[in-house]
Amino acid sequence: MLPFEYILLVLSVLILISITLTKFSENLGLPALILFLVVGMLAGSDGPGKIHFDNIHIAQYVGIVALIFILFSGGLETKWRDVKPVMWTAFSLSTLGVLLTTATLGAFVYFFFQLPILESLLIGAIISSTDAAAVFSVLRARGTKLKGKIKPLLELESGSNDPAAIILTIILIQLIQTQDVSASGIIFFLVLQLLLGAAIGFAAGKLLSLAFNKFSFSYPSLYPVFAIASAIFVYALAASLGASGILAVYIAAVILGNSEFIQKRSLIRFFDGLALLGQIVMFLTLGLLVYPSQLYNVIGAGLILSAVLIFLARPIGVFISMLFSKFKLNEKMFISWVGLRGAVPIILATFPLTAGLEIGPYIFNLIFFITLTSALVQGWSIPLTAKIFRVRGENIVNTKLPIEMTDAEKTNNDLLDLIIPQNSAVAGRSLAELSLPPESLITVIYRDNDYVVPNGGSILEEGDTILVLVNKDNIAVIKKIFTQLKNPKSAKPT
């Protein structure tokens, strides 16, 4: 048994290395998970680190806890107004799409690799869900903005398709072990997992919103602690009742994130960092678990199945499940391409190992290899394919503003950041000329990478970013004033 301080030293070094390497992943346009996995593999038994780790149960527990924080963070930042129009399309992708991907890949494995049908479908089920963290780490790294409703659709699909993959994996393992699972039992299990999980998540989100506003903790640092315990409680409660804990956590976070509560902004920032730490620890653990020398045995099958997954199974799942959606052909093609695999498939690949299936080690190595291939092939090319399929919007410009509302106490005021658009009706006018409603104050103007302290004579220009301290009752009026365009007939010719 290694001394505890040595374990802490090694863990901290690996995390620091992983964080440092994220800069390289941004420059290369690769999902950070690739580097985290590689660091874990190099530190493992087959690498120079020679750290022996083969405890599958600990790897599963680490993965589940990390997923709780990752999904809770993603849910907090999911805007209901964005995902509402694509809710049913996302639901179709996360259920029917997962089933079709499983069936297509399973059929290919059965006919071309001559594996038993249940084991073939098990491979398809494990690799059927996509990974939101992998997709958007690439988009953020390259500053890629997507047109229309593609981004919220991918977010909602990735956050909600894990339960379907988990349910299918568990059912297929039970079938392989017992050969005695009834159709009615499968249907009951599916309904219990999805509907009860969604109900628990919805109720928990509402209760958490009330609790944050009701409780007045003496120390602001207690709010994130309360949120961590709540997220774990929601997962554990749902899982204990036979429902999908993953779905419950995500829905609870979406409900909470779309409510107004004390310490909201600081809580979102806290969970963003916690989710990143969860990703690093999870992928490091999974990287330690794999033996790179054993991946040679699955290279051939892994490359073939990766190609089938990317060019056949995923497109079939997307196009059929989106058959009645309003998305255009080029948008569907891009959505089909953005099907990166990540944490959940690797975690699910440990299920056959813990279940004692003879084929378990082969499945784990195969899924691990397919995940790496998917991230490498699709990850770096997402900005390029967004341009090819004409779904790329304007590049994201992150403006760091110097003032922020902390939500330390209940307040009826808010701090808006607005951009003066081209041909704006307020461009060229002084602040004194604007008829702002009462209890409204322009605090900062950001222009040409510099901050301007405003006064009544300050002239607004197109492209300015302004911070407005405003009473919440006047938000709609303020937005209308600063986003209104000039009358085209009166605009000067250019």
# chains A, B, ... in the order shown; residues from 1 in each chain; ligands from 1
call {"tool": "select_by_dssp", "arguments": {"residues": "range 185-267 of chain A", "states": "helix (DSSP H, G or I)", "output": "PyMOL selection string"}}
result
chain A and resi 185-214+222-240+245-257+264-267
call {"tool": "residues_around", "arguments": {"residues": "range 316-331 of chain A", "least_positions_apart": "5", "cutoff": "7 Å", "atoms": "only C-alpha atoms", "output": "list of chain:residue names"}}
result
A:Thr89, A:Ser92, A:Leu93, A:Leu96, A:Gly97, A:Val98, A:Leu100, A:Thr101, A:Ser336, A:Phe389, A:Val391
call {"tool": "select_by_dssp", "arguments": {"residues": "range 284-490 of chain A", "states": "strand (DSSP E or B)", "output": "PDB file with C-alpha atoms, in the first residue's frame"}}
result
ATOM      1  CA  ARG A 392     -21.012  28.316 -38.993  1.00  0.00           C
ATOM      2  CA  ASN A 413     -31.948  45.130 -10.118  1.00  0.00           C
ATOM      3  CA  ASP A 414     -29.866  43.435 -12.771  1.00  0.00           C
ATOM      4  CA  LEU A 415     -26.734  44.198 -14.797  1.00  0.00           C
ATOM      5  CA  LEU A 416     -27.185  43.843 -18.559  1.00  0.00           C
ATOM      6  CA  ASP A 417     -24.407  43.718 -21.132  1.00  0.00           C
ATOM      7  CA  LEU A 418     -25.588  44.820 -24.574  1.00  0.00           C
ATOM      8  CA  ILE A 419     -23.857  45.365 -27.915  1.00  0.00           C
ATOM      9  CA  SER A 424     -28.427  51.252 -34.508  1.00  0.00           C
ATOM     10  CA  SER A 430     -24.997  61.072 -26.533  1.00  0.00           C
ATOM     11  CA  SER A 440     -31.398  52.845 -15.186  1.00  0.00           C
ATOM     12  CA  LEU A 441     -27.694  53.722 -15.346  1.00  0.00           C
ATOM     13  CA  ILE A 442     -25.016  53.048 -17.995  1.00  0.00           C
ATOM     14  CA  THR A 443     -21.962  52.130 -15.919  1.00  0.00           C
ATOM     15  CA  VAL A 444     -19.290  51.131 -18.477  1.00  0.00           C
ATOM     16  CA  ILE A 445     -18.688  51.391 -22.234  1.00  0.00           C
ATOM     17  CA  TYR A 446     -16.259  48.863 -23.741  1.00  0.00           C
ATOM     18  CA  ARG A 447     -14.732  50.099 -27.024  1.00  0.00           C
ATOM     19  CA  ASP A 450     -10.581  49.654 -23.596  1.00  0.00           C
ATOM     20  CA  TYR A 451     -13.075  50.741 -20.946  1.00  0.00           C
ATOM     21  CA  VAL A 452     -14.703  54.174 -21.139  1.00  0.00           C
ATOM     22  CA  ILE A 459     -21.308  59.347 -27.727  1.00  0.00           C
ATOM     23  CA  THR A 465     -20.497  46.916 -25.476  1.00  0.00           C
ATOM     24  CA  ILE A 466     -22.305  48.646 -22.634  1.00  0.00           C
ATOM     25  CA  LEU A 467     -23.157  47.632 -19.089  1.00  0.00           C
ATOM     26  CA  VAL A 468     -26.509  48.902 -17.875  1.00  0.00           C
ATOM     27  CA  LEU A 469     -27.621  48.716 -14.241  1.00  0.00           C
ATOM     28  CA  VAL A 470     -31.400  48.471 -14.514  1.00  0.00           C
ATOM     29  CA  ASN A 471     -34.512  47.693 -12.537  1.00  0.00           C
ATOM     30  CA  LEU A 485     -32.371  50.004 -35.765  1.00  0.00           C
TER      31      LEU A 485
END
call {"tool": "residues_around", "arguments": {"residues": "range 58-66 of chain A", "least_positions_apart": "6", "cutoff": "10 Å", "atoms": "only C-alpha atoms", "output": "PyMOL selection string"}}
result
chain A and resi 72+231-232+235+245-246+274-289+343-344+346-351+354
